[in-house]
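What follows is a single structure, written as structure tokens, with notes after it.
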Amino acid sequence: MRDKTRIDAVDDFAYPLPVTVICKVLGVPLEDEPRFHHWIQTALEAWEFGPETATEDFPGKLAAGNQAVQDFGRFAAELYDRYAERPGPGMLSAMVNEDGPEGRMSKGLLTSNALLLIFAGHETTVNLIAHGVLTLLRHPGALEQLRRRPELIVPGVEELLRLESSVQFWPTRSAAEDIDIAGTTIPKGAPIFLAYGSANRDPEQFAEPDELDLERRDNQHLGFGQGIHFCFGAPLARLEVQSAIGEFVRRVENPRLVEDPPPYRRNQIFRGPRHVLVDIDGIRG
């Protein structure tokens with residue numbers, strides 16, 4: 001971004017870093033990124049719901065999303081076949097060629113894990129970096145505070161995770177037993193949608209929950225889930241976002257939002273802006 005005076009904090013900054021890192025960690029050739037990026041975006045579009053979708057070809061979008069997932073699965077299976085013949089660097093090759101406590105995973109399990117790791121390994125991190133830039137530019141006092149005290153990047157990222165949750169809810173939980181909440185009984189076995197975005201702004205848990213506080217104490221947010229479902233990639237995501245936001249604050253000169261609010265995706269599960277246009281005076285060395 002060195003020679004630019006206007007950047008897109010999503011396309012120019014938030015997307016390239018996590019996708020490059022996850023490809024290197026997993027052993028996915030970076031030149032294949034345009035292919036799986038297209039499949040991921042097509043699948044995400046199939047999860048867009050709302051009043052405006054009533055006039056759209058929703059069955060067509062859903063079919064395209066399912067086809068994208070199938071194409072993505074074949075791509076992952078081809079990667080595994082390649083690594084089975086010739087082991088290489090990265091996590092996927094290790095999963096193919098090394099035995100776990102219960103033996104080697106089946107090809108179907110390997111493929112589903114690859115889809116999860118590639119998808120989750122960058123999509124939510126992109127949203128968090130983009131939201132980090134957007135939120136700090138909306139709060140110039142916090143931006144200056146972070147510039148003066150760079151050590152606040154660690155609690156600051158946790159606060160961004162709380163305030164702007166990349167995942168709003170996840171529809172894969174169920175009640176292990178009957179649960180009584182506010183006069184209602186959720187029966188054992190019933191599906192439960194946990195609204196992380198709502199829980200992370202619970203006024204009974206967080207003082208002034210709609211405010212950004214880089215020094216918030218006891219920040220027990222649910223941005224990465226909880227319990228046995230705690231996000232497998234949380235340490236990597238934290239490292240990426242701390243590095244990205246820290247460098248943005250340190251090196252980008254006089255950043256100014258061009259449009260606020262920026263355009264958002266219509267996805268109800270994964271929340272993030274499509275673009276965040278920022279005018280800048282330059283990039284420090």
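In the structure tokens, each chain is lettered A, B, ... as it comes, each chain's residues begin at 1, and ligands are numbered from 1 in order of appearance.
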message: I'd like the contact shell of Glu240 in chain A - 12 Å cut-off, only C-alpha atoms, skipping same-chain residues fewer than 2 positions apart - returned as a PyMOL selection string.
response: chain A and resi 13-22+121-122+124-126+128-129+132+153-154+157+233-238+242-247
task: Enumerate, as a VMD selection string, the complete set of residues in range 63-235 of chain A that a backbone-based DSSP assignment places in alpha helix (DSSP H).
output: chain A and resid 63 to 85 91 to 97 107 to 120 123 to 138 140 to 148 153 to 163 196 to 199 234 to 235
Per-residue DSSP, range 34-261 of chain A, filtered to strand (DSSP E), as a tab-separated table (two decimals) with N, CA, C and O atoms, in the first residue's frame:
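Below is the file that was written, selection-v4.tsv:
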chain	number	residue	atom	x	y	z
A	169	PHE	N	-23.69	-16.05	15.35
A	169	PHE	CA	-24.25	-17.23	16.01
A	169	PHE	C	-23.80	-18.46	15.23
A	169	PHE	O	-23.27	-18.35	14.12
A	170	TRP	N	-23.98	-19.62	15.85
A	170	TRP	CA	-23.59	-20.86	15.16
A	170	TRP	C	-24.64	-21.92	15.46
A	170	TRP	O	-24.93	-22.23	16.62
A	171	PRO	N	-25.25	-22.49	14.42
A	171	PRO	CA	-26.44	-23.34	14.61
A	171	PRO	C	-26.12	-24.82	14.79
A	171	PRO	O	-26.71	-25.68	14.15
A	172	THR	N	-25.14	-25.16	15.65
A	172	THR	CA	-24.76	-26.57	15.77
A	172	THR	C	-24.77	-27.05	17.22
A	172	THR	O	-24.17	-28.08	17.52
A	173	ARG	N	-25.44	-26.35	18.12
A	173	ARG	CA	-25.50	-26.79	19.51
A	173	ARG	C	-26.87	-27.41	19.80
A	173	ARG	O	-27.86	-27.14	19.11
A	174	SER	N	-26.91	-28.21	20.85
A	174	SER	CA	-28.18	-28.75	21.31
A	174	SER	C	-28.12	-28.90	22.83
A	174	SER	O	-27.03	-28.98	23.42
A	179	ILE	N	-33.22	-27.30	30.16
A	179	ILE	CA	-32.66	-26.05	30.67
A	179	ILE	C	-33.80	-25.06	30.86
A	179	ILE	O	-34.57	-24.81	29.93
A	180	ASP	N	-33.90	-24.50	32.07
A	180	ASP	CA	-34.91	-23.49	32.36
A	180	ASP	C	-34.29	-22.11	32.29
A	180	ASP	O	-33.34	-21.80	33.02
A	181	ILE	N	-34.81	-21.27	31.40
A	181	ILE	CA	-34.31	-19.90	31.22
A	181	ILE	C	-35.51	-18.96	31.13
A	181	ILE	O	-36.35	-19.10	30.24
A	184	THR	N	-38.92	-20.34	30.59
A	184	THR	CA	-39.08	-21.23	29.43
A	184	THR	C	-38.16	-22.44	29.60
A	184	THR	O	-37.00	-22.29	29.98
A	185	THR	N	-38.67	-23.61	29.30
A	185	THR	CA	-37.87	-24.82	29.37
A	185	THR	C	-37.41	-25.22	27.97
A	185	THR	O	-38.24	-25.43	27.07
A	186	ILE	N	-36.12	-25.28	27.78
A	186	ILE	CA	-35.55	-25.81	26.54
A	186	ILE	C	-35.36	-27.31	26.75
A	186	ILE	O	-34.57	-27.72	27.59
A	191	PRO	N	-32.41	-28.19	19.40
A	191	PRO	CA	-31.34	-27.37	18.84
A	191	PRO	C	-31.33	-25.99	19.49
A	191	PRO	O	-32.38	-25.44	19.82
A	192	ILE	N	-30.12	-25.43	19.68
A	192	ILE	CA	-29.97	-24.12	20.30
A	192	ILE	C	-29.07	-23.26	19.41
A	192	ILE	O	-28.00	-23.70	18.99
A	193	PHE	N	-29.52	-22.05	19.13
A	193	PHE	CA	-28.69	-21.06	18.44
A	193	PHE	C	-28.16	-20.10	19.50
A	193	PHE	O	-28.93	-19.35	20.09
A	194	LEU	N	-26.86	-20.12	19.75
A	194	LEU	CA	-26.25	-19.19	20.69
A	194	LEU	C	-25.86	-17.92	19.95
A	194	LEU	O	-25.05	-17.97	19.01
A	195	ALA	N	-26.40	-16.79	20.35
A	195	ALA	CA	-26.13	-15.51	19.69
A	195	ALA	C	-24.92	-14.85	20.34
A	195	ALA	O	-25.05	-14.12	21.33
A	252	VAL	N	0.45	3.52	9.20
A	252	VAL	CA	-0.44	4.23	8.26
A	252	VAL	C	-0.60	5.67	8.74
A	252	VAL	O	-1.01	5.92	9.87
A	253	GLU	N	-0.29	6.61	7.86
A	253	GLU	CA	-0.29	8.02	8.23
A	253	GLU	C	-1.65	8.67	7.97
A	253	GLU	O	-2.17	8.61	6.85
A	256	ARG	N	-8.26	8.14	7.19
A	256	ARG	CA	-9.59	8.74	7.30
A	256	ARG	C	-10.61	7.88	6.57
A	256	ARG	O	-10.40	7.52	5.42
A	257	LEU	N	-11.72	7.59	7.26
A	257	LEU	CA	-12.78	6.82	6.64
A	257	LEU	C	-13.41	7.60	5.49
A	257	LEU	O	-13.70	8.79	5.62
statement: Of A:Asp3, A:Arg217, A:Asp81, A:Pro262, the one nearest to Thr135 in chain A when counting only C-alpha atoms is A:Pro262
- prompt: Which residues, written as a count of residues only, have at least one atom at most 9 Å from Phe72 in chain A, with only C-alpha atoms counted and residues fewer than 5 positions away on the same chain left out?
  reply: 7
- prompt: Which is closer to His131 in chain A than all the others in A:Met1, A:Leu92, A:Ala9, A:Leu222, using only C-alpha atoms?
  reply: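 Of all the options, A:Ala9 lies closest to His131 in chain A.
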